[in-house]
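Enquirer: Input file: query.cif. Contents: mmCIF, C-alpha atoms.
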data_work
#
loop_
_atom_site.group_PDB
_atom_site.id
_atom_site.type_symbol
_atom_site.label_atom_id
_atom_site.label_comp_id
_atom_site.auth_asym_id
_atom_site.auth_seq_id
_atom_site.Cartn_x
_atom_site.Cartn_y
_atom_site.Cartn_z
ATOM 1 C CA MET A 126 -68.588 32.394 52.483
ATOM 2 C CA SER A 127 -65.317 30.975 53.768
ATOM 3 C CA TYR A 128 -64.896 29.648 57.289
ATOM 4 C CA LYS A 129 -62.436 27.552 59.269
ATOM 5 C CA LEU A 130 -63.312 24.412 61.236
ATOM 6 C CA LEU A 131 -61.708 23.954 64.646
ATOM 7 C CA SER A 132 -61.995 22.405 68.090
ATOM 8 C CA TYR A 133 -62.110 24.600 71.174
ATOM 9 C CA GLN A 134 -62.538 24.237 74.925
ATOM 10 C CA SER A 135 -66.020 25.061 76.209
ATOM 11 C CA GLY A 136 -66.078 24.567 79.965
ATOM 12 C CA ARG A 137 -64.823 21.014 80.451
ATOM 13 C CA GLU A 138 -65.939 19.959 76.996
ATOM 14 C CA ALA A 139 -64.274 19.981 73.603
ATOM 15 C CA ARG A 140 -66.578 21.381 70.919
ATOM 16 C CA ALA A 141 -66.414 21.838 67.178
ATOM 17 C CA GLY A 142 -66.374 25.481 66.173
ATOM 18 C CA ILE A 143 -66.726 27.539 63.021
ATOM 19 C CA LEU A 144 -64.397 30.511 62.761
ATOM 20 C CA VAL A 145 -65.861 33.417 60.803
ATOM 21 C CA GLY A 146 -63.701 36.509 60.915
ATOM 22 C CA GLU A 147 -62.413 36.700 64.478
ATOM 23 C CA GLN A 148 -65.408 34.979 66.106
ATOM 24 C CA ILE A 149 -65.960 31.295 66.882
ATOM 25 C CA TYR A 150 -69.476 29.854 66.629
ATOM 26 C CA ASP A 151 -70.547 26.493 68.007
ATOM 27 C CA ALA A 152 -70.791 24.267 64.922
ATOM 28 C CA ALA A 153 -73.572 21.964 66.118
ATOM 29 C CA ARG A 154 -75.774 24.811 67.358
ATOM 30 C CA LEU A 155 -75.173 26.897 64.251
ATOM 31 C CA ALA A 156 -76.225 24.014 61.992
ATOM 32 C CA GLY A 157 -78.858 22.531 64.300
ATOM 33 C CA GLN A 158 -77.137 19.134 64.217
ATOM 34 C CA PRO A 159 -76.078 17.731 67.637
ATOM 35 C CA ALA A 160 -74.000 15.000 65.939
ATOM 36 C CA TRP A 161 -71.653 17.695 64.648
ATOM 37 C CA SER A 162 -70.599 18.794 68.134
ATOM 38 C CA SER A 163 -67.166 17.315 67.396
ATOM 39 C CA VAL A 164 -65.050 17.853 64.291
ATOM 40 C CA LEU A 165 -64.843 14.098 63.839
ATOM 41 C CA GLY A 166 -68.655 13.925 63.878
ATOM 42 C CA ALA A 167 -68.833 16.601 61.192
ATOM 43 C CA LEU A 168 -66.192 14.851 59.059
ATOM 44 C CA GLU A 169 -68.201 11.629 59.156
ATOM 45 C CA ASP A 170 -71.055 13.531 57.463
ATOM 46 C CA TRP A 171 -68.852 15.941 55.590
ATOM 47 C CA ASP A 172 -70.854 16.777 52.471
ATOM 48 C CA ARG A 173 -73.893 17.880 54.484
ATOM 49 C CA ALA A 174 -71.830 19.477 57.247
ATOM 50 C CA HIS A 175 -69.722 21.554 54.870
ATOM 51 C CA ARG A 176 -72.805 22.909 53.075
ATOM 52 C CA ALA A 177 -74.453 23.770 56.392
ATOM 53 C CA PHE A 178 -71.341 25.434 57.805
ATOM 54 C CA ALA A 179 -70.814 27.484 54.641
ATOM 55 C CA ALA A 180 -74.447 28.597 54.709
ATOM 56 C CA GLY A 181 -74.179 29.504 58.388
ATOM 57 C CA ALA A 182 -71.004 31.479 57.760
ATOM 58 C CA LYS A 183 -72.735 33.345 54.933
ATOM 59 C CA ARG A 184 -75.651 34.281 57.213
ATOM 60 C CA ILE A 185 -73.245 35.501 59.887
ATOM 61 C CA ALA A 186 -71.260 37.604 57.420
ATOM 62 C CA ALA A 187 -74.495 39.137 56.093
ATOM 63 C CA GLY A 188 -75.690 39.992 59.606
ATOM 64 C CA LYS A 189 -78.664 37.636 59.254
ATOM 65 C CA SER A 190 -77.764 35.227 62.051
ATOM 66 C CA LYS A 191 -78.599 35.500 65.754
ATOM 67 C CA ALA A 192 -75.779 33.118 66.690
ATOM 68 C CA LYS A 193 -73.473 34.445 69.388
ATOM 69 C CA GLY A 194 -69.749 34.120 68.836
ATOM 70 C CA LEU A 195 -66.758 33.743 71.111
ATOM 71 C CA PRO A 196 -63.824 36.040 70.302
ATOM 72 C CA LEU A 197 -60.947 34.007 68.934
ATOM 73 C CA LYS A 198 -58.461 35.744 71.220
ATOM 74 C CA ARG A 199 -60.421 34.522 74.272
ATOM 75 C CA ALA A 200 -60.744 30.906 73.137
ATOM 76 C CA LYS A 201 -58.549 27.945 73.988
ATOM 77 C CA LEU A 202 -58.015 26.082 70.730
ATOM 78 C CA LEU A 203 -57.441 22.337 70.716
ATOM 79 C CA ALA A 204 -56.120 20.080 67.982
ATOM 80 C CA PRO A 205 -58.737 20.398 65.219
ATOM 81 C CA VAL A 206 -59.389 16.634 65.023
ATOM 82 C CA LEU A 207 -59.831 14.939 68.406
ATOM 83 C CA TYR A 208 -58.668 12.359 67.543
ATOM 84 C CA PRO A 209 -57.668 11.265 64.044
ATOM 85 C CA GLY A 210 -58.411 7.672 63.148
ATOM 86 C CA ASN A 211 -55.051 7.005 61.507
ATOM 87 C CA ILE A 212 -52.139 9.318 60.751
ATOM 88 C CA TYR A 213 -50.182 8.426 57.612
ATOM 89 C CA CYS A 214 -46.880 10.273 57.183
ATOM 90 C CA ALA A 215 -44.971 10.535 53.925
ATOM 91 C CA GLY A 216 -41.258 9.817 54.204
ATOM 92 C CA ALA A 217 -38.561 11.744 52.289
ATOM 93 C CA ASN A 218 -41.072 13.488 50.025
ATOM 94 C CA TYR A 219 -39.585 16.907 49.176
ATOM 95 C CA THR A 220 -36.851 17.307 46.607
ATOM 96 C CA ASP A 221 -34.936 19.829 48.734
ATOM 97 C CA HIS A 222 -35.208 17.642 51.865
ATOM 98 C CA MET A 223 -33.956 14.553 50.008
ATOM 99 C CA ALA A 224 -30.878 16.489 48.892
ATOM 100 C CA GLU A 225 -30.355 17.852 52.414
ATOM 101 C CA MET A 226 -30.528 14.410 54.045
ATOM 102 C CA ALA A 227 -28.157 12.912 51.467
ATOM 103 C CA ARG A 228 -25.587 15.623 52.216
ATOM 104 C CA ALA A 229 -26.000 15.045 55.972
ATOM 105 C CA GLN A 230 -24.941 11.428 55.364
ATOM 106 C CA GLY A 231 -21.987 12.457 53.209
ATOM 107 C CA LYS A 232 -23.659 11.380 49.974
ATOM 108 C CA GLU A 233 -24.385 13.106 46.708
ATOM 109 C CA PRO A 234 -28.109 13.727 46.072
ATOM 110 C CA GLY A 235 -29.427 11.199 43.597
ATOM 111 C CA PRO A 236 -32.664 10.538 41.729
ATOM 112 C CA THR A 237 -35.906 10.588 43.713
ATOM 113 C CA MET A 238 -38.013 7.498 44.315
ATOM 114 C CA LYS A 239 -40.481 8.872 41.771
ATOM 115 C CA ASP A 240 -37.663 9.197 39.233
ATOM 116 C CA LEU A 241 -36.845 5.545 39.885
ATOM 117 C CA GLY A 242 -40.433 4.454 39.290
ATOM 118 C CA GLU A 243 -41.284 3.813 42.949
ATOM 119 C CA LYS A 244 -44.600 4.569 44.685
ATOM 120 C CA PRO A 245 -45.292 6.881 47.640
ATOM 121 C CA TRP A 246 -44.152 5.495 50.997
ATOM 122 C CA HIS A 247 -45.685 6.177 54.412
ATOM 123 C CA PHE A 248 -45.223 5.279 58.056
ATOM 124 C CA VAL A 249 -47.940 5.487 60.719
ATOM 125 C CA LYS A 250 -47.948 7.827 63.707
ATOM 126 C CA THR A 251 -50.014 7.195 66.823
ATOM 127 C CA SER A 252 -53.131 9.332 67.239
ATOM 128 C CA ARG A 253 -54.369 9.950 70.772
ATOM 129 C CA SER A 254 -50.884 9.883 72.332
ATOM 130 C CA SER A 255 -49.198 11.994 69.667
ATOM 131 C CA VAL A 256 -51.712 14.704 68.762
ATOM 132 C CA VAL A 257 -51.653 17.978 70.696
ATOM 133 C CA GLY A 258 -53.095 21.354 69.811
ATOM 134 C CA PRO A 259 -52.016 24.980 69.386
ATOM 135 C CA GLY A 260 -50.060 26.454 72.273
ATOM 136 C CA SER A 261 -49.170 23.056 73.705
ATOM 137 C CA LYS A 262 -46.036 22.353 75.719
ATOM 138 C CA VAL A 263 -44.510 19.172 74.325
ATOM 139 C CA LYS A 264 -42.367 17.293 76.823
ATOM 140 C CA LEU A 265 -39.159 16.117 75.204
ATOM 141 C CA PRO A 266 -38.803 12.326 75.597
ATOM 142 C CA GLU A 267 -36.244 11.313 78.217
ATOM 143 C CA TYR A 268 -34.611 8.803 75.875
ATOM 144 C CA SER A 269 -33.746 11.350 73.176
ATOM 145 C CA GLN A 270 -31.307 14.261 72.935
ATOM 146 C CA LYS A 271 -31.986 14.920 69.251
ATOM 147 C CA VAL A 272 -35.640 15.807 68.729
ATOM 148 C CA ASP A 273 -36.126 17.409 65.332
ATOM 149 C CA TRP A 274 -38.796 19.648 63.776
ATOM 150 C CA GLU A 275 -40.697 18.923 60.545
ATOM 151 C CA VAL A 276 -43.419 21.272 59.274
ATOM 152 C CA GLU A 277 -45.949 19.456 57.077
ATOM 153 C CA LEU A 278 -49.131 20.116 55.134
ATOM 154 C CA ALA A 279 -51.749 17.703 56.488
ATOM 155 C CA ALA A 280 -54.719 16.592 54.394
ATOM 156 C CA VAL A 281 -57.835 15.745 56.434
ATOM 157 C CA ILE A 282 -59.885 12.948 54.887
ATOM 158 C CA GLY A 283 -63.611 13.711 54.617
ATOM 159 C CA ARG A 284 -64.898 10.809 52.511
ATOM 160 C CA THR A 285 -64.255 7.075 52.694
ATOM 161 C CA ALA A 286 -61.656 6.182 50.073
ATOM 162 C CA LYS A 287 -60.722 2.770 48.696
ATOM 163 C CA ASN A 288 -58.870 2.245 45.403
ATOM 164 C CA VAL A 289 -59.360 5.885 44.452
ATOM 165 C CA PRO A 290 -57.668 6.957 41.188
ATOM 166 C CA VAL A 291 -55.247 9.874 41.310
ATOM 167 C CA GLU A 292 -57.578 12.164 39.350
ATOM 168 C CA LYS A 293 -60.329 11.757 41.987
ATOM 169 C CA ALA A 294 -58.182 11.568 45.109
ATOM 170 C CA LEU A 295 -58.379 15.226 46.166
ATOM 171 C CA GLY A 296 -62.170 14.871 46.187
ATOM 172 C CA CYS A 297 -61.750 12.783 49.346
ATOM 173 C CA VAL A 298 -60.114 15.673 51.225
ATOM 174 C CA ALA A 299 -62.287 17.744 53.571
ATOM 175 C CA GLY A 300 -59.585 20.314 54.178
ATOM 176 C CA TYR A 301 -56.024 21.055 55.194
ATOM 177 C CA THR A 302 -54.205 21.893 58.402
ATOM 178 C CA ILE A 303 -50.630 22.196 59.721
ATOM 179 C CA ALA A 304 -48.668 19.462 61.496
ATOM 180 C CA ASN A 305 -45.252 19.199 63.107
ATOM 181 C CA ASP A 306 -43.932 15.654 62.664
ATOM 182 C CA LEU A 307 -41.542 15.773 65.616
ATOM 183 C CA SER A 308 -38.844 13.110 65.324
ATOM 184 C CA ALA A 309 -36.371 11.627 67.825
ATOM 185 C CA ARG A 310 -33.447 11.252 65.442
ATOM 186 C CA ASP A 311 -31.158 9.432 67.887
ATOM 187 C CA ALA A 312 -33.819 6.754 68.447
ATOM 188 C CA MET A 313 -34.380 5.955 64.782
ATOM 189 C CA LYS A 314 -32.027 2.965 64.561
ATOM 190 C CA ARG A 315 -31.382 -0.146 66.653
ATOM 191 C CA ASP A 316 -27.606 -0.222 66.487
ATOM 192 C CA LYS A 317 -27.218 -3.860 67.493
ATOM 193 C CA ASN A 318 -29.488 -4.899 64.656
ATOM 194 C CA PRO A 319 -27.661 -4.815 61.298
ATOM 195 C CA PRO A 320 -28.771 -2.254 58.699
ATOM 196 C CA THR A 321 -29.816 -5.127 56.448
ATOM 197 C CA SER A 322 -32.360 -6.299 59.025
ATOM 198 C CA PRO A 323 -36.026 -5.305 58.545
ATOM 199 C CA PHE A 324 -35.995 -4.539 62.294
ATOM 200 C CA HIS A 325 -33.102 -2.063 62.129
ATOM 201 C CA TYR A 326 -35.374 1.004 62.312
ATOM 202 C CA ASP A 327 -37.423 1.890 65.393
ATOM 203 C CA TRP A 328 -40.360 3.883 64.058
ATOM 204 C CA VAL A 329 -42.288 3.958 67.345
ATOM 205 C CA SER A 330 -39.446 5.489 69.380
ATOM 206 C CA GLN A 331 -38.540 7.945 66.632
ATOM 207 C CA LYS A 332 -42.007 9.131 65.605
ATOM 208 C CA CYS A 333 -44.604 8.247 68.221
ATOM 209 C CA PHE A 334 -43.584 9.713 71.572
ATOM 210 C CA ASP A 335 -46.250 11.621 73.508
ATOM 211 C CA GLY A 336 -46.987 14.982 71.906
ATOM 212 C CA SER A 337 -45.031 14.201 68.747
ATOM 213 C CA CYS A 338 -47.734 15.568 66.429
ATOM 214 C CA PRO A 339 -48.703 19.193 67.188
ATOM 215 C CA LEU A 340 -51.666 19.933 64.926
ATOM 216 C CA GLY A 341 -53.740 22.971 63.989
ATOM 217 C CA PRO A 342 -54.757 25.647 64.466
ATOM 218 C CA TRP A 343 -57.798 24.782 62.322
ATOM 219 C CA ILE A 344 -58.913 23.084 59.126
ATOM 220 C CA VAL A 345 -59.310 25.205 56.013
ATOM 221 C CA PRO A 346 -61.926 23.584 53.721
ATOM 222 C CA ALA A 347 -60.402 22.111 50.582
ATOM 223 C CA GLY A 348 -62.469 24.371 48.328
ATOM 224 C CA ASP A 349 -60.789 27.446 49.836
ATOM 225 C CA ILE A 350 -57.336 26.247 48.754
ATOM 226 C CA ARG A 351 -57.088 26.514 44.991
ATOM 227 C CA ASP A 352 -54.058 24.228 44.740
ATOM 228 C CA PRO A 353 -52.462 22.489 47.757
ATOM 229 C CA HIS A 354 -49.255 22.199 45.724
ATOM 230 C CA GLN A 355 -48.793 25.961 45.404
ATOM 231 C CA LEU A 356 -48.368 26.984 49.040
ATOM 232 C CA GLY A 357 -45.471 28.563 50.898
ATOM 233 C CA ILE A 358 -44.392 26.566 53.971
ATOM 234 C CA LYS A 359 -42.125 27.769 56.804
ATOM 235 C CA LEU A 360 -40.960 26.956 60.334
ATOM 236 C CA TRP A 361 -39.124 29.073 62.921
ATOM 237 C CA VAL A 362 -37.396 28.030 66.163
ATOM 238 C CA ASN A 363 -37.106 30.876 68.690
ATOM 239 C CA GLY A 364 -37.765 33.330 65.864
ATOM 240 C CA GLU A 365 -35.009 31.945 63.614
ATOM 241 C CA LEU A 366 -36.245 30.778 60.224
ATOM 242 C CA MET A 367 -35.294 27.125 59.737
ATOM 243 C CA GLN A 368 -37.564 25.820 56.977
ATOM 244 C CA ASP A 369 -38.588 28.001 54.037
ATOM 245 C CA SER A 370 -39.939 26.098 51.065
ATOM 246 C CA HIS A 371 -42.958 25.504 48.849
ATOM 247 C CA THR A 372 -45.357 22.592 48.401
ATOM 248 C CA SER A 373 -44.529 22.576 44.686
ATOM 249 C CA LYS A 374 -41.373 20.723 45.759
ATOM 250 C CA LEU A 375 -43.342 17.652 46.845
ATOM 251 C CA ILE A 376 -42.049 14.533 45.091
ATOM 252 C CA PHE A 377 -45.367 12.652 45.255
ATOM 253 C CA ASP A 378 -48.228 15.140 45.438
ATOM 254 C CA THR A 379 -51.201 14.839 47.770
ATOM 255 C CA ALA A 380 -53.406 13.114 45.196
ATOM 256 C CA GLU A 381 -50.738 10.520 44.410
ATOM 257 C CA GLN A 382 -50.277 9.815 48.105
ATOM 258 C CA ILE A 383 -53.994 9.358 48.764
ATOM 259 C CA ALA A 384 -54.405 7.121 45.711
ATOM 260 C CA MET A 385 -51.502 4.925 46.814
ATOM 261 C CA LEU A 386 -52.691 4.684 50.409
ATOM 262 C CA SER A 387 -56.251 3.855 49.332
ATOM 263 C CA SER A 388 -54.916 0.987 47.214
ATOM 264 C CA ARG A 389 -53.567 -0.609 50.387
ATOM 265 C CA VAL A 390 -56.008 0.450 53.130
ATOM 266 C CA THR A 391 -59.416 2.080 53.355
ATOM 267 C CA LEU A 392 -59.123 5.731 54.314
ATOM 268 C CA HIS A 393 -61.874 6.967 56.619
ATOM 269 C CA PRO A 394 -63.193 10.424 57.526
ATOM 270 C CA GLY A 395 -60.938 11.867 60.192
ATOM 271 C CA ASP A 396 -57.779 10.152 58.955
ATOM 272 C CA LEU A 397 -54.809 12.420 58.263
ATOM 273 C CA VAL A 398 -52.203 12.317 55.529
ATOM 274 C CA LEU A 399 -49.059 14.248 56.462
ATOM 275 C CA THR A 400 -47.524 14.944 53.085
ATOM 276 C CA GLY A 401 -43.830 15.330 53.975
ATOM 277 C CA THR A 402 -41.413 17.996 55.172
ATOM 278 C CA PRO A 403 -39.072 20.264 53.186
ATOM 279 C CA ALA A 404 -35.408 21.125 53.747
ATOM 280 C CA GLY A 405 -34.235 22.921 56.878
ATOM 281 C CA VAL A 406 -34.687 20.201 59.518
ATOM 282 C CA GLY A 407 -32.337 20.026 62.489
ATOM 283 C CA MET A 408 -30.618 16.831 61.388
ATOM 284 C CA GLY A 409 -29.165 18.571 58.360
ATOM 285 C CA ARG A 410 -27.823 21.348 60.602
ATOM 286 C CA GLY A 411 -26.728 19.269 63.596
ATOM 287 C CA ARG A 412 -29.142 21.296 65.748
ATOM 288 C CA PHE A 413 -32.030 19.944 67.779
ATOM 289 C CA LEU A 414 -34.825 21.147 70.031
ATOM 290 C CA LYS A 415 -34.220 22.047 73.681
ATOM 291 C CA PRO A 416 -36.516 22.731 76.652
ATOM 292 C CA ALA A 417 -38.221 26.145 76.431
ATOM 293 C CA ASP A 418 -37.739 26.381 72.651
ATOM 294 C CA ALA A 419 -40.652 28.050 70.858
ATOM 295 C CA VAL A 420 -41.675 26.673 67.467
ATOM 296 C CA ARG A 421 -43.795 28.563 64.936
ATOM 297 C CA LEU A 422 -45.133 26.884 61.798
ATOM 298 C CA TRP A 423 -46.820 28.632 58.877
ATOM 299 C CA ILE A 424 -48.471 27.461 55.682
ATOM 300 C CA GLU A 425 -49.845 29.930 53.174
ATOM 301 C CA THR A 426 -53.653 30.296 53.204
ATOM 302 C CA ILE A 427 -53.935 28.164 56.356
ATOM 303 C CA GLY A 428 -52.235 30.260 59.035
ATOM 304 C CA GLU A 429 -49.873 29.684 61.971
ATOM 305 C CA LEU A 430 -49.404 26.949 64.556
ATOM 306 C CA ASN A 431 -47.323 27.626 67.674
ATOM 307 C CA HIS A 432 -46.046 25.344 70.422
ATOM 308 C CA THR A 433 -43.189 25.101 72.892
ATOM 309 C CA LEU A 434 -40.939 22.348 74.266
ATOM 310 C CA ALA A 435 -40.683 21.388 77.928
#
As structure tokens, what does this structure read like?

Expert:
Amino acid sequence: MSYKLLSYQSGREARAGILVGEQIYDAARLAGQPAWSSVLGALEDWDRAHRAFAAGAKRIAAGKSKAKGLPLKRAKLLAPVLYPGNIYCAGANYTDHMAEMARAQGKEPGPTMKDLGEKPWHFVKTSRSSVVGPGSKVKLPEYSQKVDWEVELAAVIGRTAKNVPVEKALGCVAGYTIANDLSARDAMKRDKNPPTSPFHYDWVSQKCFDGSCPLGPWIVPAGDIRDPHQLGIKLWVNGELMQDSHTSKLIFDTAEQIAMLSSRVTLHPGDLVLTGTPAGVGMGRGRFLKPADAVRLWIETIGELNHTLA
């Protein structure tokens, strides 16, 4: 039986929940495992937790469980992982986005890094400061007038991974969720530092301001997504469709990204891999987010994530 894993507010406490239908059930109570009261706790014991959650969801669906649920519409959802260990973000990793960004710089689209024999490339986003949940109001940073949107498929790591081959890499994924890799485009370069300098780019100011990683609304277990590279992916701003693409346009797929990352660092349960954003970002249009803007993100099979700007 399928279910979704999420975090929700219970009194003053954040709890891990299992969504079955339109009802949320406390994950730790359903499975009888107090250590799984947080999503991070469940991810650290993912094989056992996933089996227990699936079994619990099956009992609920069959009417054989006495567990009491909370209606989804009455719940306050939080970011599903509070808080990720590390957030690795793929740069320039959709074919349509690469072409879009080249045109924005007055260049002709050229071969991809994969075409040139390169490996996947990632930057790191902060965790506790950046991650916010569904329905959040993200305060635009005072130092930026050009905050951009970037819908991304996020892989949630559920097993420790080091030097994992590509063919086994997806086995390290617990599930998938939606992320918005918000970016302060006018803070991405240090103008007084020459472009040839390794210190020309300011990744912290561009990518790591408070609230720069809206995440959610839940995690769909990996087994419920037949192929993460065959999903529609969209983003709207104030109801206007901005990004409309497909994960088949990834340059380096999720497995290739995880394999590359694990060759450099150990990936741990609760880490996230944001796999890249497709065409339709604000930079290519010369349009950026403003206070009171409403952003809606959607990925096929996963669902919708909404947030606003303040």

Enquirer: When the PyMOL selection byres ((chain A and resi 290) around 9) is applied to the structure above, which residues does it catch, written out as a ChimeraX atom specification?

Expert: /A:288-289,291-294,380-381,383-385,387-388

Enquirer: Go through range 316-379 of chain A residue by residue and, counting only C-alpha atoms, keep those with an atom at most 9 Å from range 221-226 of chain A; for each kept residue give the shortest atom pair and its distance in Å to one decimal, ordered by chain and increasing number, as JSON lines.

Expert:
{"residue": "A:Ser370", "atom": "CA", "partner": "A:Asp221", "partner_atom": "CA", "distance": 8.4}
{"residue": "A:Lys374", "atom": "CA", "partner": "A:Asp221", "partner_atom": "CA", "distance": 7.1}
{"residue": "A:Leu375", "atom": "CA", "partner": "A:Asp221", "partner_atom": "CA", "distance": 8.9}

Enquirer: Given the file shown, determine the residues that the PyMOL selection byres ((chain A and resi 247) around 10) selects; report them as a PyMOL selection string.

Expert: chain A and resi 212-218+244-246+248-250+382+385-386+398-401

Enquirer: Please produce a file of the residues just selected, as an mmCIF file, in the coordinates of the input, where the atoms kept are C-alpha atoms.

Expert:
data_model
loop_
_atom_site.group_PDB
_atom_site.id
_atom_site.type_symbol
_atom_site.label_atom_id
_atom_site.label_comp_id
_atom_site.auth_asym_id
_atom_site.auth_seq_id
_atom_site.Cartn_x
_atom_site.Cartn_y
_atom_site.Cartn_z
ATOM 1 C CA ILE A 212 -52.139 9.318 60.751
ATOM 2 C CA TYR A 213 -50.182 8.426 57.612
ATOM 3 C CA CYS A 214 -46.880 10.273 57.183
ATOM 4 C CA ALA A 215 -44.971 10.535 53.925
ATOM 5 C CA GLY A 216 -41.258 9.817 54.204
ATOM 6 C CA ALA A 217 -38.561 11.744 52.289
ATOM 7 C CA ASN A 218 -41.072 13.488 50.025
ATOM 8 C CA LYS A 244 -44.600 4.569 44.685
ATOM 9 C CA PRO A 245 -45.292 6.881 47.640
ATOM 10 C CA TRP A 246 -44.152 5.495 50.997
ATOM 11 C CA PHE A 248 -45.223 5.279 58.056
ATOM 12 C CA VAL A 249 -47.940 5.487 60.719
ATOM 13 C CA LYS A 250 -47.948 7.827 63.707
ATOM 14 C CA GLN A 382 -50.277 9.815 48.105
ATOM 15 C CA MET A 385 -51.502 4.925 46.814
ATOM 16 C CA LEU A 386 -52.691 4.684 50.409
ATOM 17 C CA VAL A 398 -52.203 12.317 55.529
ATOM 18 C CA LEU A 399 -49.059 14.248 56.462
ATOM 19 C CA THR A 400 -47.524 14.944 53.085
ATOM 20 C CA GLY A 401 -43.830 15.330 53.975
#

Enquirer: Please determine, counting all atoms listed in the file, which residue among A:Cys297, A:Thr372, A:Leu155, A:Thr237 has the shortest atom-to-atom distance to Arg184 in chain A.

Expert: A:Leu155

Enquirer: Leaving out Pro196 in chain A and any residue of its chain fewer than 2 positions from it, which residues lie within 6 Å of it when counting only C-alpha atoms, given as a list in words?

Expert: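 Listing them by chain and then by number gives Gln148, Lys198 and Arg199 of chain A.
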
Enquirer: Starting from the shown file, work through the PyMOL selection byres ((chain A and resi 342) around 7) and note down what comes out as a ChimeraX atom specification.

Expert: /A:204-205,259,340-341,343,429-430

Enquirer: Find the residues around Ala182 in chain A up to 8 Å (only C-alpha atoms counted), leave out those fewer than 2 positions away in its own chain, and share them as a list in words.

Expert: Met126, Ser127, Tyr128, Ile143, Val145, Phe178, Ala179, Ala180, Arg184, Ile185 and Ala186 of chain A

Enquirer: At what distance in Å, to one decimal, does CA of Leu265 in chain A lie from CA of Asn211 in chain A?

Expert: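 Computing the Euclidean distance for CA of Asn211 in chain A and CA of Leu265 in chain A yields 22.9 Å.
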
Enquirer: Of the residues A:Leu397, A:Met367, A:Met238, A:Leu307, which is the one nearest to Asp273 in chain A, using all atoms listed in the file?

Expert: A:Leu307

Enquirer: Which protein, DNA or RNA residues are at most 9 Å from (-32.7, 12.0, 72.3) in the file's coordinates when you count all atoms listed in the file, listed as a list in words?

Expert: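 Residues lying no farther than 9 Å from the given point: Leu265, Pro266, Glu267, Tyr268, Ser269, Gln270, Lys271, Val272, Ala309, Arg310, Asp311 and Ala312 of chain A.
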
Enquirer: For CA of Asp316 in chain A and CA of Arg228 in chain A, quote the distance in Å rounded to one decimal.

Expert: 21.4 Å
